[in-house]
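data.pdb follows; it contains PDB, C-alpha atoms and all ligand atoms.
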```pdb
ATOM      1  CA  MET A 164      74.853 -12.169-102.825
ATOM      2  CA  LYS A 165      73.960  -9.537-105.404
ATOM      3  CA  THR A 166      70.514  -8.007-105.501
ATOM      4  CA  THR A 167      70.300  -8.636-109.245
ATOM      5  CA  SER A 168      69.310 -12.173-110.101
ATOM      6  CA  GLU A 169      71.655 -14.212-112.271
ATOM      7  CA  ILE A 170      68.623 -15.668-114.032
ATOM      8  CA  GLU A 171      65.148 -14.207-113.850
ATOM      9  CA  ILE A 172      62.079 -15.101-115.817
ATOM     10  CA  ARG A 173      58.918 -13.107-115.475
ATOM     11  CA  ASN A 174      55.479 -14.353-116.338
ATOM     12  CA  LEU A 175      56.514 -16.702-119.117
ATOM     13  CA  TYR A 176      53.934 -18.164-121.495
ATOM     14  CA  LYS A 177      54.606 -20.751-124.183
ATOM     15  CA  ARG A 178      52.100 -22.401-126.501
ATOM     16  CA  TYR A 179      52.531 -25.127-129.103
ATOM     17  CA  GLY A 180      49.464 -24.595-131.259
ATOM     18  CA  SER A 181      46.537 -24.791-128.878
ATOM     19  CA  ASN A 182      48.603 -26.584-126.223
ATOM     20  CA  GLU A 183      49.475 -23.998-123.585
ATOM     21  CA  VAL A 184      52.609 -25.465-122.022
ATOM     22  CA  LEU A 185      53.762 -22.600-119.780
ATOM     23  CA  LYS A 186      51.093 -20.438-118.220
ATOM     24  CA  GLY A 187      52.755 -17.551-116.475
ATOM     25  CA  VAL A 188      55.913 -18.937-114.873
ATOM     26  CA  SER A 189      58.227 -16.687-112.866
ATOM     27  CA  ILE A 190      61.502 -17.751-111.260
ATOM     28  CA  ALA A 191      64.482 -15.769-110.028
ATOM     29  CA  ALA A 192      67.814 -17.375-109.188
ATOM     30  CA  ARG A 193      70.313 -15.260-107.290
ATOM     31  CA  GLU A 194      74.041 -15.725-107.738
ATOM     32  CA  GLY A 195      75.115 -19.040-106.265
ATOM     33  CA  GLU A 196      71.580 -20.264-105.779
ATOM     34  CA  VAL A 197      70.665 -23.842-106.667
ATOM     35  CA  ILE A 198      67.060 -24.358-107.697
ATOM     36  CA  SER A 199      65.616 -27.761-108.472
ATOM     37  CA  ILE A 200      62.650 -27.909-110.806
ATOM     38  CA  LEU A 201      60.510 -30.935-110.208
ATOM     39  CA  GLY A 202      57.291 -32.153-111.770
ATOM     40  CA  SER A 203      55.655 -34.911-113.761
ATOM     41  CA  SER A 204      56.519 -35.593-117.351
ATOM     42  CA  GLY A 205      54.800 -33.055-119.600
ATOM     43  CA  SER A 206      54.521 -30.355-116.914
ATOM     44  CA  GLY A 207      56.713 -27.985-118.959
ATOM     45  CA  LYS A 208      60.121 -28.281-117.262
ATOM     46  CA  SER A 209      62.204 -28.734-120.416
ATOM     47  CA  THR A 210      60.276 -26.032-122.230
ATOM     48  CA  LEU A 211      60.997 -23.676-119.354
ATOM     49  CA  LEU A 212      64.762 -24.302-119.500
ATOM     50  CA  ARG A 213      64.736 -24.020-123.281
ATOM     51  CA  CYS A 214      62.976 -20.667-123.091
ATOM     52  CA  ILE A 215      65.730 -19.325-120.821
ATOM     53  CA  ASN A 216      68.454 -19.727-123.448
ATOM     54  CA  LEU A 217      66.019 -19.135-126.295
ATOM     55  CA  LEU A 218      66.209 -22.603-127.793
ATOM     56  CA  GLU A 219      62.454 -21.951-127.682
ATOM     57  CA  MET A 220      60.843 -18.548-127.953
ATOM     58  CA  PRO A 221      58.467 -17.636-125.174
ATOM     59  CA  ASP A 222      55.147 -16.240-126.447
ATOM     60  CA  GLU A 223      54.900 -13.806-123.587
ATOM     61  CA  GLY A 224      57.051 -12.799-120.669
ATOM     62  CA  ASP A 225      60.632 -11.734-120.183
ATOM     63  CA  VAL A 226      63.963 -13.368-119.503
ATOM     64  CA  TYR A 227      66.785 -11.520-117.739
ATOM     65  CA  ILE A 228      70.332 -12.833-117.513
ATOM     66  CA  SER A 229      72.448 -10.980-114.933
ATOM     67  CA  GLY A 230      69.932  -8.161-115.124
ATOM     68  CA  GLU A 231      70.125  -7.901-118.922
ATOM     69  CA  LYS A 232      66.733  -8.306-120.559
ATOM     70  CA  LEU A 233      66.641 -10.484-123.667
ATOM     71  CA  SER A 234      65.121  -8.380-126.380
ATOM     72  CA  LEU A 235      62.302 -10.127-128.154
ATOM     73  CA  ARG A 236      59.861  -8.802-130.703
ATOM     74  CA  THR A 237      56.832 -10.051-132.578
ATOM     75  CA  ASN A 238      57.440 -10.494-136.304
ATOM     76  CA  VAL A 239      54.958  -9.924-139.162
ATOM     77  CA  ARG A 240      53.668 -13.498-138.855
ATOM     78  CA  GLY A 241      52.847 -12.835-135.226
ATOM     79  CA  GLN A 242      55.700 -15.005-133.914
ATOM     80  CA  ARG A 243      58.031 -14.003-131.135
ATOM     81  CA  GLU A 244      61.693 -13.770-132.171
ATOM     82  CA  ALA A 245      64.949 -12.405-130.830
ATOM     83  CA  SER A 246      65.585  -8.892-132.067
ATOM     84  CA  ASP A 247      69.326  -9.021-131.397
ATOM     85  CA  ARG A 248      71.107 -12.179-132.623
ATOM     86  CA  GLY A 249      74.384 -11.005-131.128
ATOM     87  CA  GLN A 250      72.764 -10.788-127.743
ATOM     88  CA  VAL A 251      71.369 -14.321-128.081
ATOM     89  CA  GLN A 252      74.825 -15.705-128.914
ATOM     90  CA  ARG A 253      76.394 -13.867-126.024
ATOM     91  CA  ILE A 254      73.733 -14.889-123.520
ATOM     92  CA  ARG A 255      73.849 -18.516-124.673
ATOM     93  CA  SER A 256      77.575 -18.651-124.092
ATOM     94  CA  GLN A 257      76.939 -17.405-120.549
ATOM     95  CA  LEU A 258      74.597 -20.299-119.806
ATOM     96  CA  GLY A 259      75.947 -23.814-119.670
ATOM     97  CA  MET A 260      73.371 -26.401-120.623
ATOM     98  CA  VAL A 261      73.535 -30.106-119.894
ATOM     99  CA  PHE A 262      70.925 -32.394-121.403
ATOM    100  CA  GLN A 263      69.743 -35.903-120.738
ATOM    101  CA  SER A 264      71.598 -37.114-123.828
ATOM    102  CA  PHE A 265      75.259 -36.298-123.499
ATOM    103  CA  ASN A 266      75.597 -34.221-126.667
ATOM    104  CA  LEU A 267      79.357 -34.481-127.042
ATOM    105  CA  PHE A 268      80.875 -34.117-130.515
ATOM    106  CA  SER A 269      81.575 -37.743-131.408
ATOM    107  CA  HIS A 270      84.372 -36.930-133.887
ATOM    108  CA  LEU A 271      86.366 -34.963-131.310
ATOM    109  CA  THR A 272      88.324 -36.269-128.336
ATOM    110  CA  ILE A 273      87.136 -35.324-124.862
ATOM    111  CA  LEU A 274      89.829 -32.635-124.603
ATOM    112  CA  GLU A 275      88.923 -31.259-128.034
ATOM    113  CA  ASN A 276      85.268 -31.204-126.975
ATOM    114  CA  LEU A 277      86.199 -29.047-124.005
ATOM    115  CA  ILE A 278      88.350 -26.502-125.829
ATOM    116  CA  GLU A 279      86.136 -26.172-128.922
ATOM    117  CA  GLY A 280      83.901 -23.452-127.456
ATOM    118  CA  PRO A 281      86.567 -21.466-125.587
ATOM    119  CA  VAL A 282      88.980 -21.451-128.574
ATOM    120  CA  ARG A 283      86.590 -21.128-131.485
ATOM    121  CA  VAL A 284      83.720 -19.148-130.033
ATOM    122  CA  GLN A 285      85.425 -17.175-127.293
ATOM    123  CA  LYS A 286      88.684 -16.816-129.295
ATOM    124  CA  ARG A 287      90.800 -17.550-126.258
ATOM    125  CA  ASP A 288      94.402 -18.708-126.215
ATOM    126  CA  ARG A 289      94.557 -22.423-127.039
ATOM    127  CA  ARG A 290      97.343 -23.298-124.598
ATOM    128  CA  GLU A 291      95.516 -21.638-121.732
ATOM    129  CA  CYS A 292      92.253 -23.383-122.720
ATOM    130  CA  VAL A 293      93.989 -26.774-122.758
ATOM    131  CA  ASP A 294      95.365 -26.173-119.259
ATOM    132  CA  GLU A 295      91.967 -25.144-117.965
ATOM    133  CA  ALA A 296      90.267 -28.053-119.709
ATOM    134  CA  MET A 297      92.670 -30.523-118.127
ATOM    135  CA  ALA A 298      91.992 -29.009-114.708
ATOM    136  CA  LEU A 299      88.251 -29.399-115.319
ATOM    137  CA  LEU A 300      88.655 -33.013-116.427
ATOM    138  CA  GLU A 301      90.665 -33.600-113.273
ATOM    139  CA  LYS A 302      87.856 -32.064-111.260
ATOM    140  CA  VAL A 303      85.190 -34.328-112.760
ATOM    141  CA  GLY A 304      87.508 -37.324-112.424
ATOM    142  CA  ILE A 305      88.230 -38.206-116.056
ATOM    143  CA  ALA A 306      91.579 -36.560-116.820
ATOM    144  CA  ASP A 307      92.818 -39.961-118.010
ATOM    145  CA  LYS A 308      90.147 -39.871-120.764
ATOM    146  CA  ALA A 309      91.297 -36.586-122.319
ATOM    147  CA  LYS A 310      92.588 -38.215-125.496
ATOM    148  CA  HIS A 311      89.709 -40.651-125.857
ATOM    149  CA  TYR A 312      86.652 -40.276-128.067
ATOM    150  CA  PRO A 313      83.219 -40.075-126.418
ATOM    151  CA  ALA A 314      82.204 -43.543-127.655
ATOM    152  CA  HIS A 315      84.959 -45.060-125.514
ATOM    153  CA  LEU A 316      83.535 -43.622-122.314
ATOM    154  CA  SER A 317      80.704 -44.906-120.149
ATOM    155  CA  GLY A 318      77.507 -42.872-119.976
ATOM    156  CA  GLY A 319      78.472 -41.453-116.607
ATOM    157  CA  GLN A 320      81.900 -40.435-117.884
ATOM    158  CA  GLN A 321      80.376 -38.848-120.984
ATOM    159  CA  GLN A 322      77.949 -36.854-118.878
ATOM    160  CA  ARG A 323      80.794 -35.681-116.626
ATOM    161  CA  ALA A 324      82.664 -34.656-119.778
ATOM    162  CA  ALA A 325      79.563 -32.766-120.959
ATOM    163  CA  ILE A 326      79.424 -30.929-117.628
ATOM    164  CA  ALA A 327      83.138 -30.087-117.880
ATOM    165  CA  ARG A 328      82.606 -28.853-121.430
ATOM    166  CA  ALA A 329      79.833 -26.518-120.290
ATOM    167  CA  LEU A 330      82.026 -25.239-117.449
ATOM    168  CA  ALA A 331      84.926 -24.611-119.844
ATOM    169  CA  MET A 332      82.926 -21.669-121.226
ATOM    170  CA  LYS A 333      82.971 -20.085-117.740
ATOM    171  CA  PRO A 334      79.198 -19.716-117.709
ATOM    172  CA  ARG A 335      77.375 -17.430-115.293
ATOM    173  CA  ALA A 336      74.908 -20.211-114.598
ATOM    174  CA  MET A 337      74.283 -23.850-115.449
ATOM    175  CA  LEU A 338      71.017 -25.369-116.637
ATOM    176  CA  PHE A 339      70.583 -29.123-116.245
ATOM    177  CA  ASP A 340      67.741 -31.026-117.884
ATOM    178  CA  GLU A 341      67.472 -34.483-116.326
ATOM    179  CA  PRO A 342      71.233 -35.059-116.557
ATOM    180  CA  THR A 343      71.065 -38.543-115.022
ATOM    181  CA  SER A 344      67.872 -39.895-116.590
ATOM    182  CA  ALA A 345      69.629 -41.691-119.446
ATOM    183  CA  LEU A 346      72.243 -43.332-117.225
ATOM    184  CA  ASP A 347      72.506 -46.849-115.879
ATOM    185  CA  PRO A 348      71.530 -46.688-112.193
ATOM    186  CA  GLU A 349      75.068 -47.474-111.041
ATOM    187  CA  ARG A 350      76.372 -44.430-112.965
ATOM    188  CA  VAL A 351      73.953 -41.876-111.533
ATOM    189  CA  GLY A 352      75.892 -41.246-108.321
ATOM    190  CA  GLU A 353      79.133 -40.191-110.002
ATOM    191  CA  VAL A 354      77.327 -37.482-111.988
ATOM    192  CA  LEU A 355      75.351 -36.221-108.991
ATOM    193  CA  LYS A 356      78.604 -36.037-107.029
ATOM    194  CA  VAL A 357      80.113 -33.735-109.649
ATOM    195  CA  MET A 358      76.976 -31.578-109.670
ATOM    196  CA  ARG A 359      77.043 -31.316-105.899
ATOM    197  CA  GLN A 360      80.680 -30.216-106.058
ATOM    198  CA  ILE A 361      79.849 -27.503-108.606
ATOM    199  CA  ALA A 362      77.006 -26.305-106.390
ATOM    200  CA  GLU A 363      79.396 -26.098-103.452
ATOM    201  CA  ASP A 364      81.760 -24.043-105.615
ATOM    202  CA  GLY A 365      78.994 -21.434-105.788
ATOM    203  CA  CYS A 366      77.683 -21.969-109.300
ATOM    204  CA  THR A 367      74.151 -20.739-109.977
ATOM    205  CA  MET A 368      72.168 -23.776-111.078
ATOM    206  CA  LEU A 369      68.707 -24.652-112.343
ATOM    207  CA  ILE A 370      68.284 -28.404-112.229
ATOM    208  CA  VAL A 371      65.427 -30.423-113.650
ATOM    209  CA  THR A 372      65.696 -33.823-112.033
ATOM    210  CA  HIS A 373      63.800 -36.805-110.710
ATOM    211  CA  GLU A 374      66.489 -37.523-108.118
ATOM    212  CA  MET A 375      64.523 -36.496-105.057
ATOM    213  CA  ASN A 376      67.183 -37.092-102.398
ATOM    214  CA  PHE A 377      69.660 -35.104-104.432
ATOM    215  CA  ALA A 378      67.210 -32.239-105.028
ATOM    216  CA  SER A 379      66.301 -32.178-101.377
ATOM    217  CA  SER A 380      69.901 -32.054-100.157
ATOM    218  CA  VAL A 381      71.600 -29.846-102.759
ATOM    219  CA  SER A 382      68.977 -27.164-103.469
ATOM    220  CA  ASN A 383      68.388 -23.844-101.814
ATOM    221  CA  ARG A 384      64.934 -23.867-103.303
ATOM    222  CA  VAL A 385      62.599 -26.326-104.946
ATOM    223  CA  VAL A 386      60.083 -25.402-107.606
ATOM    224  CA  PHE A 387      57.283 -27.855-108.294
ATOM    225  CA  MET A 388      55.652 -27.551-111.692
ATOM    226  CA  HIS A 389      52.239 -28.912-112.529
ATOM    227  CA  GLN A 390      50.541 -28.454-115.889
ATOM    228  CA  GLY A 391      52.525 -25.388-116.870
ATOM    229  CA  VAL A 392      52.363 -23.452-113.638
ATOM    230  CA  ILE A 393      54.419 -23.401-110.458
ATOM    231  CA  GLU A 394      52.136 -25.318-108.132
ATOM    232  CA  SER A 395      54.369 -24.733-105.112
ATOM    233  CA  GLU A 396      57.861 -23.609-104.233
ATOM    234  CA  GLY A 397      59.937 -23.272-101.145
ATOM    235  CA  SER A 398      62.954 -24.587 -99.302
ATOM    236  CA  PRO A 399      63.514 -28.351 -99.434
ATOM    237  CA  ASP A 400      62.454 -28.390 -95.809
ATOM    238  CA  GLU A 401      59.134 -26.719 -96.558
ATOM    239  CA  LEU A 402      58.325 -29.016 -99.453
ATOM    240  CA  PHE A 403      59.864 -32.346 -98.511
ATOM    241  CA  ARG A 404      59.506 -32.338 -94.741
ATOM    242  CA  GLN A 405      56.799 -29.866 -93.767
ATOM    243  CA  LYS A 406      54.804 -31.077 -96.769
ATOM    244  CA  LYS A 407      53.602 -27.610 -97.686
ATOM    245  CA  SER A 408      51.874 -28.892-100.823
ATOM    246  CA  GLU A 409      49.644 -31.926-100.846
ATOM    247  CA  ARG A 410      50.087 -32.368-104.580
ATOM    248  CA  PHE A 411      53.873 -32.306-104.221
ATOM    249  CA  SER A 412      53.777 -34.864-101.413
ATOM    250  CA  LYS A 413      51.710 -37.119-103.633
ATOM    251  CA  PHE A 414      54.178 -36.586-106.474
ATOM    252  CA  ILE A 415      57.206 -37.580-104.405
ATOM    253  CA  SER A 416      55.467 -40.604-102.932
ATOM    254  CA  ASN A 417      55.178 -41.878-106.514
ATOM    255  CA  HIS A 418      58.935 -41.544-107.034
ATOM    256  CA  VAL A 419      61.495 -44.015-105.892
ATOM    257  CA  THR A 420      64.202 -41.973-104.211
ATOM    258  CA  ALA A 421      67.762 -42.842-105.026
TER     259      ALA A 421
HETATM  260  P1  LIG B   1      58.629 -31.906-119.276
HETATM  261  O1  LIG B   1      60.036 -31.553-119.571
HETATM  262  O2  LIG B   1      58.145 -31.388-117.956
HETATM  263  O3  LIG B   1      58.359 -33.382-119.409
HETATM  264  P2  LIG B   1      58.058 -30.550-121.747
HETATM  265  O4  LIG B   1      58.434 -29.136-121.526
HETATM  266  O5  LIG B   1      58.987 -31.396-122.508
HETATM  267  O6  LIG B   1      57.684 -31.204-120.343
HETATM  268  O7  LIG B   1      56.677 -30.620-122.502
HETATM  269  C1  LIG B   1      55.518 -29.954-122.050
HETATM  270  C2  LIG B   1      54.430 -30.109-123.087
HETATM  271  O8  LIG B   1      54.816 -29.441-124.284
HETATM  272  C3  LIG B   1      54.120 -31.532-123.494
HETATM  273  O9  LIG B   1      52.729 -31.636-123.664
HETATM  274  C4  LIG B   1      54.843 -31.699-124.805
HETATM  275  O10 LIG B   1      54.194 -32.642-125.613
HETATM  276  C5  LIG B   1      54.763 -30.310-125.391
HETATM  277  N1  LIG B   1      55.905 -29.987-126.276
HETATM  278  C6  LIG B   1      57.187 -29.880-125.876
HETATM  279  N2  LIG B   1      57.980 -29.548-126.904
HETATM  280  C7  LIG B   1      57.174 -29.439-127.984
HETATM  281  C8  LIG B   1      57.388 -29.105-129.363
HETATM  282  N3  LIG B   1      58.607 -28.802-129.821
HETATM  283  N4  LIG B   1      56.329 -29.088-130.170
HETATM  284  C9  LIG B   1      55.076 -29.370-129.716
HETATM  285  N5  LIG B   1      54.812 -29.676-128.447
HETATM  286  C10 LIG B   1      55.825 -29.726-127.570
HETATM  287 MG    MG B   2      61.693 -32.742-119.988
END
```
Take the structure in the file and give it back as structure tokens.
Ligand code: ADP
Ligand code: MG
Amino acid sequence: MKTTSEIEIRNLYKRYGSNEVLKGVSIAAREGEVISILGSSGSGKSTLLRCINLLEMPDEGDVYISGEKLSLRTNVRGQREASDRGQVQRIRSQLGMVFQSFNLFSHLTILENLIEGPVRVQKRDRRECVDEAMALLEKVGIADKAKHYPAHLSGGQQQRAAIARALAMKPRAMLFDEPTSALDPERVGEVLKVMRQIAEDGCTMLIVTHEMNFASSVSNRVVFMHQGVIESEGSPDELFRQKKSERFSKFISNHVTA
């Protein structure tokens, strides 16, 4: 493992008007580390992930991707903004993001969805991208759907396609925001299986999830958020079994584990 973190956020603050959503959050993920971010609805988990790839601008604090600090400045209206658009584009393409809603391009086939970024954004050779995309579809178990449109796939298949599409960009890390929350219960397992496989391949991952058994078994570390701060963090063993935090224990007892 490298000493530099693949993703590091330091003392992040985010407000929406008077609503302070993140109140000094720091997390560092080393290369290959899998961190699950757990917490009640409204605790700031999505905002945190969105601040990492600058879909939201943090009000205070810094984000580092592979040791490179995202340069932010305060504009004349007092708002935080990126001072280097090129850097934002580059950093975003290094972070794969998978959302609750599958976010595939509905007018493109699954294969076209996968090669869109590599060919158009990364300007890579189309033939090579198609080969890699097919290998990724094989990996997530939907190679037979390559020529289909997203609407013809089940939710679980669409989410696996979305994961493959993110991986096609060869990201340095993957961010998942409740990737199985919109799925029918019988489809959840197939997506978690793919995520577990990616984790075993050594991908650096930040995963917001309510799948407690999955988080407990796949993560190196668990971060529990409560009202915009990290209430507790530790190994799955420390949090789930040694019950290091009373509040976390109460939280998981309110969740049905899959
Ligand atoms: P979580 O993902 O843990 O459920 P969120 O990060 O989505 O939490 O939201 C945290 C808080 O921030 C909530 O109170 C939510 O209403 C608020 N919030 C999130 N996004 C916005 C936004 N774009 N504008 C205003 N408030 C927001
Ligand atoms: Mg959320």
Exercise. Tell me, as a PyMOL selection string, which residues lie within 8 Å of A:Val392, counting all atoms listed in the file; anything in the same chain fewer than 4 positions away does not count.
Key: chain A and resi 185-188+206+388
Quiz item: Suppose you want the space between atom CA of A:Val293 and atom CA of A:Leu277; what is it in Å?
Solution: 8.2 Å
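Restricting the calculation to only C-alpha atoms and all ligand atoms, the smallest distance between ligand LIG 1 (chain B) and any of A:Ile200, A:Leu175, A:Val226, A:Ile415 is found for A:Ile200.
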Exercise. Check every protein, DNA and RNA residue against ligand MG 2 (chain B), keep those with an atom at most 8 Å away (counting only C-alpha atoms and all ligand atoms), and present them as a VMD selection string.
Key: chain A and resid 204 to 205 207 to 210 340 to 341 371
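Between atom CA of A:Lys286 and atom CA of A:Thr272 there is a distance of 19.5 Å.
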Quiz item: Looking at A:Gly319, A:Tyr312, A:Met375, A:Gly224, which one is nearest to A:Leu267, with distances taken over only C-alpha atoms?
Solution: A:Tyr312
Practice problem: Apply the PyMOL selection byres (((chain A and resi 370) around 7) and not hetatm) to the structure shown and report the selected residues as a ChimeraX atom specification. | Solution: /A:198-200,338-340,368-369,371-372
Exercise. Identify, on the basis of only C-alpha atoms, every residue whose closest approach to A:Thr367 does not exceed 12 Å; exclude the query and any residue fewer than 6 positions from it along the same chain; express the result as a PyMOL selection string.
Key: chain A and resi 164+168-171+191-199+228-229+257-259+330+333-339+358-359+361+381-384
Practice problem: Return the single residue from A:Met220, A:Ala324, A:Met332, A:Val351 that is closest to ligand LIG 1 (chain B), with distances computed using only C-alpha atoms and all ligand atoms. | Solution: A:Met220
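Among the candidate residues A:His389, A:Arg248, A:Lys310, A:His418, the one lying nearest to A:Val184 is A:His389, with distances computed using only C-alpha atoms.
Residue nearest ligand LIG 1 (chain B), chosen from A:His373, A:His270, A:Arg410, A:Lys308 and counting all atoms listed in the file: A:His373.
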Quiz item: So which residues touch A:Met297 within 8 Å, counting only C-alpha atoms, skipping near sequence neighbours fewer than 5 positions away, as a PyMOL selection string?
Solution: chain A and resi 274+306+309
Output the selection as a PDB file, keeping the file's coordinate frame - C-alpha atoms for each residue.
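part-v1.pdb, written as the output of this step:
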```pdb
ATOM      1  CA  LEU A 274      89.829 -32.635-124.603  1.00  0.00           C
ATOM      2  CA  ALA A 306      91.579 -36.560-116.820  1.00  0.00           C
ATOM      3  CA  ALA A 309      91.297 -36.586-122.319  1.00  0.00           C
TER       4      ALA A 309
END
```
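When atom CA of A:Glu394 is paired with atom CA of A:Phe414, their separation reads 11.6 Å.
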Quiz item: Between A:Glu363, A:Ser412, A:Ile393, A:Gln405, which is the closest to ligand LIG 1 (chain B) once you count all atoms listed in the file?
Solution: A:Ile393
Exercise. List the residues matched by the PyMOL selection byres (((chain A and resi 354) around 9) and not hetatm) in the displayed structure as a PyMOL selection string, ordered by chain and then by residue number.
Key: chain A and resi 303+319-320+322-323+326+342-343+350-353+355-359
Kindly list the centre and edge lengths in Å, rounded to one decimal, for the axis-aligned box that covers all listed atoms of stretch 248-263 of chain A plus 5 Å on each of its six sides, as JSON.
```
{"center_x": 73.7, "center_y": -23.3, "center_z": -126.1, "size_x": 17.8, "size_y": 35.1, "size_z": 23.0}
```
Quiz item: Written as JSON, numbers by chain, which residues does the PyMOL selection byres (((chain A and resi 292) around 10) and not hetatm) give for the file shown?
Solution: {"A": [274, 277, 278, 279, 280, 281, 282, 286, 287, 288, 289, 290, 291, 293, 294, 295, 296, 297, 298, 331, 332]}
Quiz item: Could you name the residues that touch A:Asn266 at 10 Å or less, counting only C-alpha atoms, but leaving out those on the same chain fewer than 4 positions away, as a list in words?
Solution: Val261, Phe262, Pro313, Gln321, Gln322, Ala324 and Ala325 of chain A
